[in-house]
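As provided, model-v9.cif (mmCIF, C-alpha atoms and all ligand atoms) reads as follows.
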data_query
#
loop_
_atom_site.label_atom_id
_atom_site.label_comp_id
_atom_site.auth_asym_id
_atom_site.auth_seq_id
_atom_site.Cartn_x
_atom_site.Cartn_y
_atom_site.Cartn_z
CA MET A 1 55.23 -11.70 6.49
CA LYS A 2 56.21 -8.06 6.45
CA PHE A 3 58.65 -6.45 4.07
CA SER A 4 60.60 -3.35 4.94
CA LYS A 5 60.08 -0.21 2.87
CA GLY A 6 63.66 -0.43 1.52
CA GLU A 7 63.17 -4.02 0.37
CA VAL A 8 59.91 -3.19 -1.36
CA ILE A 9 61.41 -0.17 -3.14
CA LEU A 10 64.49 -2.11 -4.23
CA SER A 11 62.38 -5.02 -5.45
CA ILE A 12 60.26 -2.69 -7.57
CA VAL A 13 63.39 -0.97 -8.92
CA PHE A 14 64.82 -4.41 -9.77
CA ILE A 15 61.69 -5.47 -11.66
CA VAL A 16 61.47 -2.15 -13.54
CA LEU A 17 65.16 -2.43 -14.45
CA SER A 18 64.59 -6.04 -15.62
CA PHE A 19 61.98 -4.78 -18.06
CA ALA A 20 64.06 -1.79 -19.15
CA ALA A 21 67.12 -4.03 -19.69
CA GLY A 22 65.18 -5.80 -22.44
CA TYR A 23 65.23 -2.54 -24.37
CA PHE A 24 68.60 -1.26 -23.25
CA PRO A 25 70.95 -4.16 -22.38
CA PRO A 26 73.57 -2.15 -20.38
CA LEU A 27 70.88 -1.75 -17.69
CA ILE A 28 71.44 -5.44 -16.92
CA PHE A 29 74.45 -4.40 -14.82
CA ILE A 30 72.49 -1.85 -12.77
CA LYS A 31 69.78 -4.45 -12.40
CA TRP A 32 72.14 -6.97 -10.81
CA ILE A 33 73.78 -4.27 -8.66
CA THR A 34 70.29 -3.48 -7.34
CA PHE A 35 69.85 -7.17 -6.62
CA VAL A 36 73.09 -7.27 -4.62
CA VAL A 37 72.06 -4.16 -2.63
CA LEU A 38 68.75 -5.88 -1.90
CA ILE A 39 70.55 -8.94 -0.55
CA TRP A 40 72.74 -6.68 1.55
CA PHE A 41 69.57 -4.98 2.94
CA VAL A 42 68.10 -8.30 3.99
CA ILE A 43 71.36 -9.53 5.55
CA ARG A 44 71.73 -6.28 7.48
CA LYS A 45 68.23 -6.68 8.81
CA TYR A 46 68.92 -10.28 9.76
CA LYS A 47 72.00 -9.27 11.77
CA ARG A 48 70.10 -6.51 13.52
CA ASP A 49 67.26 -8.87 14.42
CA GLN A 50 69.70 -11.47 15.69
CA LYS A 51 71.22 -8.90 17.98
CA SER A 52 67.81 -8.06 19.44
CA GLY A 53 67.10 -11.78 19.92
CA VAL A 54 64.35 -12.26 17.32
CA ASN A 55 64.01 -15.85 16.04
CA PHE A 56 65.15 -15.56 12.47
CA LEU A 57 64.83 -19.02 11.04
CA PHE A 58 61.12 -19.60 10.53
CA GLY A 59 60.14 -16.11 9.50
CA LYS A 60 62.95 -14.14 7.95
CA ALA A 61 64.88 -17.04 6.43
CA ILE A 62 61.88 -18.03 4.35
CA ARG A 63 61.39 -14.41 3.37
CA MET A 64 65.02 -13.93 2.46
CA VAL A 65 65.24 -17.06 0.33
CA SER A 66 61.89 -16.48 -1.36
CA THR A 67 62.78 -12.86 -2.14
CA PHE A 68 66.05 -13.91 -3.75
CA ILE A 69 64.69 -16.85 -5.73
CA GLY A 70 61.45 -15.09 -6.62
CA LEU A 71 63.13 -11.96 -7.96
CA ALA A 72 65.83 -13.86 -9.86
CA ALA A 73 63.17 -16.12 -11.38
CA VAL A 74 60.89 -13.33 -12.55
CA SER A 75 63.72 -11.16 -13.77
CA VAL A 76 64.71 -13.45 -16.67
CA PRO A 77 61.26 -13.76 -18.30
CA ILE A 78 60.56 -10.05 -17.69
CA THR A 79 63.78 -9.08 -19.46
CA ASP A 80 63.03 -11.54 -22.27
CA VAL A 81 59.45 -10.35 -22.76
CA ALA A 82 60.75 -6.82 -23.16
CA LYS A 83 63.47 -8.04 -25.51
CA ALA A 84 60.97 -9.97 -27.63
CA LYS A 85 58.60 -7.01 -27.79
CA HIS A 86 61.46 -4.71 -28.66
CA ASN A 87 62.62 -7.01 -31.46
CA GLY A 88 59.10 -7.59 -32.59
CA ILE A 89 56.10 -5.44 -32.79
CA LEU A 90 55.86 -2.96 -29.98
CA PHE A 91 57.72 -0.18 -31.74
CA PRO A 92 57.46 -0.35 -35.51
CA TYR A 93 59.95 2.22 -36.69
CA HIS A 94 58.02 3.05 -39.87
CA THR A 95 61.31 3.10 -41.61
CA ILE A 96 63.71 0.33 -42.44
CA HIS A 97 66.05 -0.64 -39.68
CA ARG A 98 69.27 -1.30 -41.52
CA SER A 99 71.50 -3.87 -39.94
CA ASN A 100 75.14 -3.17 -39.16
CA TYR A 101 76.00 -5.43 -42.06
CA TYR A 102 74.14 -3.17 -44.45
CA LEU A 103 75.70 -0.03 -42.99
CA GLN A 104 79.18 -1.10 -44.02
CA GLU A 105 80.09 1.07 -47.01
CA GLU A 106 81.52 -1.81 -49.04
CA ILE A 107 78.40 -3.97 -48.56
CA LYS A 108 75.82 -1.26 -49.11
CA ASP A 109 73.49 -1.95 -52.01
CA THR A 110 75.58 -4.87 -53.21
CA PHE A 111 72.79 -7.42 -53.14
CA ASN A 112 71.40 -7.59 -56.64
CA PHE A 113 67.71 -7.89 -55.74
CA SER A 114 66.25 -7.39 -59.19
CA GLY A 115 68.77 -9.89 -60.59
CA TYR A 116 67.70 -12.41 -57.96
CA ILE A 117 63.99 -11.93 -58.67
CA GLN A 118 64.64 -12.33 -62.40
CA ASP A 119 66.50 -15.58 -61.74
CA LEU A 120 63.73 -16.81 -59.43
CA GLU A 121 61.05 -15.99 -62.00
CA ASN A 122 62.97 -17.78 -64.74
CA ALA A 123 63.48 -20.84 -62.54
CA SER A 124 59.82 -20.97 -61.51
CA GLU A 125 58.39 -20.59 -65.02
CA LYS A 126 57.32 -24.24 -65.27
CA PHE A 127 55.83 -24.25 -61.78
CA HIS A 128 52.60 -22.97 -60.39
CA ALA A 129 53.91 -19.65 -59.10
CA GLN A 130 52.26 -16.56 -57.76
CA SER A 131 53.85 -13.17 -57.13
CA ASP A 132 53.13 -10.71 -54.40
CA SER A 133 54.97 -7.58 -53.38
CA VAL A 134 55.72 -5.17 -50.58
CA LEU A 135 55.81 -1.41 -51.05
CA PHE A 136 58.79 0.51 -49.67
CA GLU A 137 59.83 4.06 -50.58
CA ASP A 138 57.67 4.14 -53.75
CA LYS A 139 59.05 0.86 -55.02
CA TYR A 140 57.55 -2.61 -55.03
CA TYR A 141 59.64 -5.53 -53.84
CA LYS A 142 58.44 -8.88 -55.15
CA TYR A 143 58.31 -12.27 -53.57
CA GLN A 144 57.04 -15.56 -54.90
CA ILE A 145 54.85 -18.40 -53.72
CA ILE A 146 55.81 -21.47 -55.73
CA LYS A 147 54.06 -24.83 -55.68
CA HIS A 148 55.27 -28.21 -56.84
CA GLU A 149 52.73 -30.99 -56.61
CA PRO A 150 53.66 -34.37 -58.12
CA ASP A 151 50.93 -37.00 -58.58
CA ASN A 152 51.84 -39.37 -55.78
CA TYR A 153 53.53 -37.49 -53.01
CA ASN A 154 53.68 -38.71 -49.43
CA LYS A 155 54.75 -35.54 -47.63
CA LYS A 156 54.16 -31.83 -47.84
CA ILE A 157 57.12 -29.56 -47.25
CA LEU A 158 56.87 -25.81 -46.80
CA ILE A 159 60.07 -23.83 -47.32
CA ILE A 160 60.49 -20.34 -45.89
CA ALA A 161 63.51 -18.60 -47.39
CA SER A 162 65.39 -15.66 -45.89
CA ILE A 163 62.91 -14.26 -43.40
CA HIS A 164 65.95 -12.39 -42.12
CA GLY A 165 67.08 -10.35 -45.10
CA ASP A 166 70.71 -10.36 -44.01
CA GLU A 167 70.68 -14.18 -44.35
CA PRO A 168 70.42 -14.54 -48.16
CA ALA A 169 71.57 -18.17 -48.63
CA GLY A 170 68.03 -19.57 -48.21
CA ALA A 171 66.57 -17.37 -50.94
CA LEU A 172 69.55 -18.02 -53.21
CA SER A 173 69.09 -21.79 -52.84
CA VAL A 174 65.50 -21.67 -54.16
CA PRO A 175 66.18 -21.19 -57.91
CA ILE A 176 68.76 -24.01 -57.66
CA LEU A 177 66.20 -26.32 -56.03
CA LEU A 178 63.56 -25.47 -58.67
CA ARG A 179 65.98 -26.27 -61.50
CA LYS A 180 66.89 -29.56 -59.85
CA ILE A 181 63.21 -30.52 -59.49
CA GLU A 182 62.65 -29.69 -63.14
CA GLN A 183 65.68 -31.63 -64.38
CA ASP A 184 65.22 -34.70 -62.22
CA SER A 185 61.55 -34.83 -61.32
CA SER A 186 61.64 -38.51 -60.31
CA LYS A 187 64.01 -37.67 -57.47
CA TYR A 188 61.47 -35.21 -56.09
CA ALA A 189 58.35 -37.26 -56.84
CA ASN A 190 57.49 -38.14 -53.26
CA ALA A 191 57.15 -34.60 -51.92
CA SER A 192 54.84 -31.72 -52.56
CA PHE A 193 56.50 -28.35 -52.03
CA LEU A 194 55.31 -24.90 -51.26
CA ILE A 195 58.14 -22.38 -51.33
CA LEU A 196 57.94 -18.78 -50.17
CA SER A 197 60.90 -16.72 -51.30
CA PRO A 198 62.14 -14.18 -50.38
CA VAL A 199 59.70 -13.84 -47.49
CA ASN A 200 61.25 -10.55 -46.40
CA PRO A 201 61.88 -8.97 -49.82
CA VAL A 202 62.73 -5.45 -48.60
CA GLY A 203 65.02 -6.96 -45.98
CA LEU A 204 66.79 -9.02 -48.64
CA ALA A 205 67.14 -6.03 -50.97
CA PHE A 206 68.76 -4.00 -48.19
CA SER A 207 70.48 -6.81 -46.27
CA SER A 208 68.33 -5.97 -43.26
CA ARG A 209 67.30 -8.48 -40.62
CA GLU A 210 64.02 -6.60 -40.19
CA ASN A 211 61.37 -5.79 -42.77
CA GLU A 212 60.40 -2.33 -44.07
CA MET A 213 58.59 -1.58 -40.79
CA GLY A 214 61.62 -2.42 -38.69
CA CYS A 215 59.94 -5.61 -37.52
CA ASN A 216 61.81 -8.85 -36.93
CA LEU A 217 59.31 -11.05 -38.79
CA ASN A 218 60.44 -14.14 -36.91
CA ARG A 219 58.90 -12.60 -33.77
CA ASP A 220 55.56 -11.90 -35.42
CA TYR A 221 53.81 -15.24 -35.91
CA HIS A 222 51.18 -15.57 -33.23
CA LEU A 223 48.65 -12.84 -34.12
CA PRO A 224 50.81 -11.47 -36.95
CA THR A 225 50.90 -7.73 -37.55
CA GLN A 226 52.98 -7.53 -40.75
CA ALA A 227 51.86 -8.16 -44.35
CA GLU A 228 54.67 -10.71 -44.87
CA THR A 229 53.90 -12.78 -41.77
CA LYS A 230 50.14 -12.59 -42.41
CA ARG A 231 50.78 -14.08 -45.84
CA ILE A 232 53.02 -16.85 -44.47
CA VAL A 233 50.44 -17.78 -41.83
CA SER A 234 47.64 -17.89 -44.39
CA GLU A 235 49.76 -20.06 -46.74
CA ILE A 236 50.53 -22.44 -43.85
CA GLU A 237 46.81 -22.72 -43.08
CA LYS A 238 45.96 -23.45 -46.72
CA PHE A 239 48.83 -25.84 -47.49
CA LYS A 240 48.82 -27.69 -44.16
CA PRO A 241 52.44 -28.88 -44.47
CA ASP A 242 53.79 -31.98 -42.71
CA VAL A 243 56.95 -30.05 -41.99
CA ILE A 244 58.21 -26.47 -42.34
CA VAL A 245 61.83 -25.76 -43.20
CA ASP A 246 62.95 -22.26 -42.20
CA LEU A 247 66.23 -21.30 -43.88
CA HIS A 248 68.40 -19.03 -41.74
CA GLU A 249 72.08 -18.31 -41.24
CA ASN A 250 73.85 -17.60 -37.99
CA ASN A 251 76.35 -14.79 -37.66
CA GLY A 252 79.36 -17.10 -37.75
CA ASN A 253 79.60 -17.38 -33.95
CA TRP A 254 78.69 -21.03 -34.23
CA LYS A 255 79.13 -23.64 -36.84
CA THR A 256 76.15 -24.89 -38.79
CA CYS A 257 73.29 -26.31 -36.77
CA ILE A 258 69.71 -27.37 -37.12
CA MET A 259 67.15 -26.34 -34.54
CA ALA A 260 63.77 -27.93 -34.28
CA ASN A 261 60.62 -27.54 -32.29
CA SER A 262 59.56 -30.32 -29.96
CA LEU A 263 57.38 -31.95 -32.64
CA VAL A 264 60.32 -33.09 -34.76
CA SER A 265 61.68 -36.58 -34.11
CA ASP A 266 65.26 -36.92 -32.83
CA GLU A 267 65.74 -39.65 -35.38
CA LEU A 268 65.20 -37.15 -38.18
CA GLY A 269 67.64 -34.76 -36.50
CA LYS A 270 70.29 -37.47 -36.40
CA PHE A 271 69.60 -38.34 -40.03
CA LEU A 272 69.98 -34.71 -41.19
CA CYS A 273 73.14 -34.16 -39.15
CA ASP A 274 74.68 -37.44 -40.34
CA ASP A 275 74.00 -36.33 -43.89
CA LEU A 276 75.71 -32.95 -43.36
CA LYS A 277 78.61 -34.65 -41.63
CA ALA A 278 79.02 -37.08 -44.53
CA LYS A 279 79.29 -34.05 -46.83
CA SER A 280 82.06 -32.62 -44.57
CA ILE A 281 80.00 -29.71 -43.23
CA PRO A 282 81.45 -28.68 -39.84
CA LEU A 283 78.68 -28.87 -37.22
CA ALA A 284 78.24 -26.82 -34.06
CA GLU A 285 78.74 -28.47 -30.70
CA PHE A 286 77.68 -25.37 -28.81
CA ALA A 287 75.03 -22.82 -29.81
CA PHE A 288 72.39 -20.60 -28.19
CA ASP A 289 74.05 -20.76 -24.77
CA SER A 290 73.95 -24.53 -24.57
CA ASN A 291 75.83 -27.63 -25.47
CA LEU A 292 73.97 -29.41 -28.22
CA GLU A 293 72.59 -32.89 -27.63
CA LEU A 294 74.24 -34.00 -30.82
CA PRO A 295 76.68 -31.96 -32.94
CA GLY A 296 74.52 -29.79 -35.18
CA TRP A 297 71.20 -30.69 -33.54
CA HIS A 298 69.26 -28.57 -31.08
CA LYS A 299 65.71 -29.50 -30.24
CA ARG A 300 63.56 -27.40 -28.00
CA GLY A 301 62.68 -29.53 -25.04
CA TYR A 302 60.28 -28.76 -22.21
CA TYR A 303 62.70 -26.41 -20.46
CA ARG A 304 63.28 -24.24 -23.56
CA LYS A 305 59.60 -24.41 -24.40
CA ALA A 306 58.65 -23.13 -20.95
CA ILE A 307 61.27 -20.35 -21.03
CA ASN A 308 60.23 -19.27 -24.52
CA TYR A 309 56.61 -19.28 -23.52
CA LEU A 310 57.32 -17.12 -20.48
CA ALA A 311 59.52 -14.87 -22.58
CA GLY A 312 56.81 -14.41 -25.20
CA LEU A 313 59.17 -15.52 -27.98
CA ASN A 314 56.89 -15.38 -30.97
CA ASP A 315 58.89 -17.24 -33.58
CA LEU A 316 58.02 -19.82 -36.22
CA MET A 317 59.13 -22.83 -34.15
CA ARG A 318 56.80 -21.85 -31.34
CA TYR A 319 53.98 -21.04 -33.77
CA GLY A 320 54.50 -24.51 -35.28
CA GLU A 321 53.92 -25.98 -31.84
CA GLU A 322 50.71 -24.01 -31.45
CA ILE A 323 49.34 -25.37 -34.71
CA ASN A 324 50.95 -28.81 -34.34
CA ILE A 325 53.41 -28.64 -37.24
CA PRO A 326 57.05 -29.76 -36.95
CA VAL A 327 59.43 -26.90 -37.78
CA ILE A 328 63.08 -27.33 -38.71
CA THR A 329 65.25 -24.21 -38.63
CA LEU A 330 68.54 -24.35 -40.46
CA GLU A 331 71.24 -21.99 -39.19
CA SER A 332 74.07 -22.25 -41.67
CA ASP A 333 77.39 -20.82 -40.60
CA GLN A 334 77.82 -17.36 -42.14
CA SER A 335 81.59 -17.57 -41.85
CA LEU A 336 81.51 -20.12 -44.69
CA GLU A 337 81.51 -18.78 -48.22
CA GLU A 338 78.11 -18.09 -49.77
CA LYS A 339 78.28 -21.01 -52.18
CA LYS A 340 78.78 -23.43 -49.30
CA ARG A 341 75.87 -21.95 -47.32
CA ILE A 342 73.60 -22.31 -50.35
CA GLU A 343 74.75 -25.91 -50.71
CA ILE A 344 73.86 -26.60 -47.06
CA CYS A 345 70.28 -25.37 -47.70
CA SER A 346 70.02 -27.74 -50.67
CA LEU A 347 71.46 -30.65 -48.66
CA ILE A 348 68.86 -30.24 -45.92
CA VAL A 349 65.95 -30.16 -48.38
CA ASP A 350 67.31 -33.17 -50.31
CA ALA A 351 67.91 -35.17 -47.12
CA LEU A 352 64.37 -34.43 -45.96
CA ILE A 353 62.95 -35.73 -49.22
CA HIS A 354 64.85 -38.99 -48.86
CA TYR A 355 63.91 -39.52 -45.25
CA ASP A 356 61.30 -42.24 -45.38
CA LYS A 357 60.28 -42.39 -41.72
CA SER A 358 57.91 -40.22 -39.77
CA ILE A 359 59.02 -36.59 -39.50
CA GLY A 360 57.09 -35.96 -36.33
CA LYS A 361 57.65 -37.37 -32.91
CA LYS A 362 55.98 -40.73 -32.43
ZN ZN B 401 67.72 -15.74 -38.99
#

What does the file become when written as C-alpha cells?
Amino acid sequence: MKFSKGEVILSIVFIVLSFAAGYFPPLIFIKWITFVVLIWFVIRKYKRDQKSGVNFLFGKAIRMVSTFIGLAAVSVPITDVAKAKHNGILFPYHTIHRSNYYLQEEIKDTFNFSGYIQDLENASEKFHAQSDSVLFEDKYYKYQIIKHEPDNYNKKILIIASIHGDEPAGALSVPILLRKIEQDSSKYANASFLILSPVNPVGLAFSSRENEMGCNLNRDYHLPTQAETKRIVSEIEKFKPDVIVDLHENNGNWKTCIMANSLVSDELGKFLCDDLKAKSIPLAEFAFDSNLELPGWHKRGYYRKAINYLAGLNDLMRYGEEINIPVITLESDQSLEEKKRIEICSLIVDALIHYDKSIGKK
C-alpha cells in the first residue's frame, strides 16, 4: 500500500500536533483541522482514481479507513501522554506553581498552615507520630506520619490527606479523626491506621495543587521523583495496607463522588454511597466525562484502565493496581462549605471501618 507524500506529511503533522496539544490545549483545534484536511486529501485522490478507472474498493478503501481510524486512535493516547508528562514530571519548574485559586488576592496566604500543624501535633500527641518536612524558600514545611494500631484489628487503612494542596478538607479532617479515635477507641478497634497528612505541605500552605517543584504529586507514583511521593511509596511498602483512602476535592463541577481502582468491590462502593446518601450528601450522577454506574460511584473498569495505561496516567489508583492494593479516592464537592467537605471525609473513613465484608474484589 502506497501513501501519497501529502498524506504522509499531514499524518506526521497530525501526530506532532497531538503531542503538542497535550502541552498547549488550543492546538487541539488545529490538530482536528489537520485531520479534516487529511480526509479531504484522501477523498480527492479517491475521486481522481475513480475517474481514471482504478478499482478503489480493495486497495484504497482499506487505506482510507485504516488511516482515519489509526490516526484518531493514536491521537488520544498521544495527547494524554503529553498531558500527563506536562502535569507530572517532565518539566519541574523549580519554583512553586501557584494555582489560580491561590492567585486570587482575597485568598492569598489565608490558609493558616502553622495553625493547622499545631492542631495536628496536638491531636496526634497520644499516637505514634513521626514528623518530616519539605524545604521551600528557606522554610521547612512539616507533615506527619501517624499510626494507630489497636490490639485486635482486622484491616489496615492508609489515609493520604490533601495531596493536592488546594484541596484542604482531607488534611483538616485528620485532627478530627484522631480526636474521635482517642475519645471512642472501641469504635475504632477493628482497624489499624496509618495517616499521612498533609502529604503536600508546601502545596497546602500556598493552596497550590502542585508541590514546591511544580509537580502534580498524583502523577508521580510509578518511579517517583519527588521527596513527598517517595515517602508515600515507602510508607505503603512498609505498612502494606488492605486499602488506601486518598482524600481529594473536585472543583465543584460535579457533586461528591468516590472513585476506585478495579480492585475495590462494587459492594463496598454501594455501601459507601448509601451511607453518604443517608447523611443527605448530594452525589454526582455524572463526572469525568461519563455517567456514573451508581450515583457517587465511579470504578475504573477495563476500558478506563486501558486508556489510562496508554495515556501514562501515573496516579495513586493506577499505582495501587500495580502493587495489588485497592484504592478509594474521595472527591468531595468543593462548592459545599468547608465544614461539610470535612464531614464527608470523616463519613467515608467511618463507613469503611464499619464495613465488615471484603474490601477487595472477590
Ligand atoms: Zn485532587

Please return as a compact mmCIF listing (two decimals) with C-alpha atoms, in the frame of the given file the residues found within 12 Å of ligand ZN 401 (chain B), counting only C-alpha atoms and all ligand atoms.
# COMPACT_ATOMS: atom_id res chain seq x y z
CA ILE A 160 60.49 -20.34 -45.89
CA ALA A 161 63.51 -18.60 -47.39
CA SER A 162 65.39 -15.66 -45.89
CA ILE A 163 62.91 -14.26 -43.40
CA HIS A 164 65.95 -12.39 -42.12
CA GLY A 165 67.08 -10.35 -45.10
CA ASP A 166 70.71 -10.36 -44.01
CA GLU A 167 70.68 -14.18 -44.35
CA PRO A 168 70.42 -14.54 -48.16
CA ALA A 169 71.57 -18.17 -48.63
CA GLY A 170 68.03 -19.57 -48.21
CA VAL A 199 59.70 -13.84 -47.49
CA ASN A 200 61.25 -10.55 -46.40
CA GLY A 203 65.02 -6.96 -45.98
CA LEU A 204 66.79 -9.02 -48.64
CA SER A 207 70.48 -6.81 -46.27
CA SER A 208 68.33 -5.97 -43.26
CA ARG A 209 67.30 -8.48 -40.62
CA GLU A 210 64.02 -6.60 -40.19
CA ASN A 216 61.81 -8.85 -36.93
CA LEU A 217 59.31 -11.05 -38.79
CA ASN A 218 60.44 -14.14 -36.91
CA ARG A 219 58.90 -12.60 -33.77
CA ASP A 246 62.95 -22.26 -42.20
CA LEU A 247 66.23 -21.30 -43.88
CA HIS A 248 68.40 -19.03 -41.74
CA GLU A 249 72.08 -18.31 -41.24
CA ASN A 250 73.85 -17.60 -37.99
CA ASN A 251 76.35 -14.79 -37.66
CA GLY A 252 79.36 -17.10 -37.75
CA ILE A 258 69.71 -27.37 -37.12
CA MET A 259 67.15 -26.34 -34.54
CA ASP A 315 58.89 -17.24 -33.58
CA LEU A 316 58.02 -19.82 -36.22
CA THR A 329 65.25 -24.21 -38.63
CA LEU A 330 68.54 -24.35 -40.46
CA GLU A 331 71.24 -21.99 -39.19
CA SER A 332 74.07 -22.25 -41.67
CA ASP A 333 77.39 -20.82 -40.60
CA GLN A 334 77.82 -17.36 -42.14

Restricting the calculation to all atoms listed in the file, which member of A:Lys357, A:Lys270, A:Arg341, A:Lys139 is positioned closest to Glu293 (chain A)?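 Going through A:Lys357, A:Lys270, A:Arg341, A:Lys139 one by one, the smallest distance to Glu293 (chain A) is for A:Lys270.
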
Nearest candidate to Arg318 (chain A) (options A:Ser234, A:Ser262, A:Ser186, A:Ser18; using all atoms listed in the file):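 Comparing A:Ser234, A:Ser262, A:Ser186, A:Ser18 against Arg318 (chain A), the winner is A:Ser262.
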
Report, in Å with one decimal, the straight-line distance from CA of Ser185 (chain A) to CA of Asp350 (chain A). 12.5 Å

Just want the 10 Å neighbourhood of Asp151 (chain A), counted on all atoms listed in the file, with same-chain residues fewer than 2 positions away dropped. Output as a PyMOL selection string. chain A and resi 148-149+153-154+189-192

One decimal, Å: what's the distance from CA of Ile159 (chain A) over to CA of Ala306 (chain A), could you say?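 Going from CA of Ile159 (chain A) over to CA of Ala306 (chain A) covers 26.4 Å.
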
May I ask for the distance between CA of Asp184 (chain A) and CA of Lys279 (chain A), given in Å to one decimal place?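 Value for the CA of Asp184 (chain A)-CA of Lys279 (chain A) distance: 20.9 Å.
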
Counting only C-alpha atoms, which residue out of A:Ile39, A:Ile353, A:Leu294, A:Leu283 sits closest to Leu336 (chain A)?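 The shortest atom-to-atom distance to Leu336 (chain A) comes from A:Leu283.
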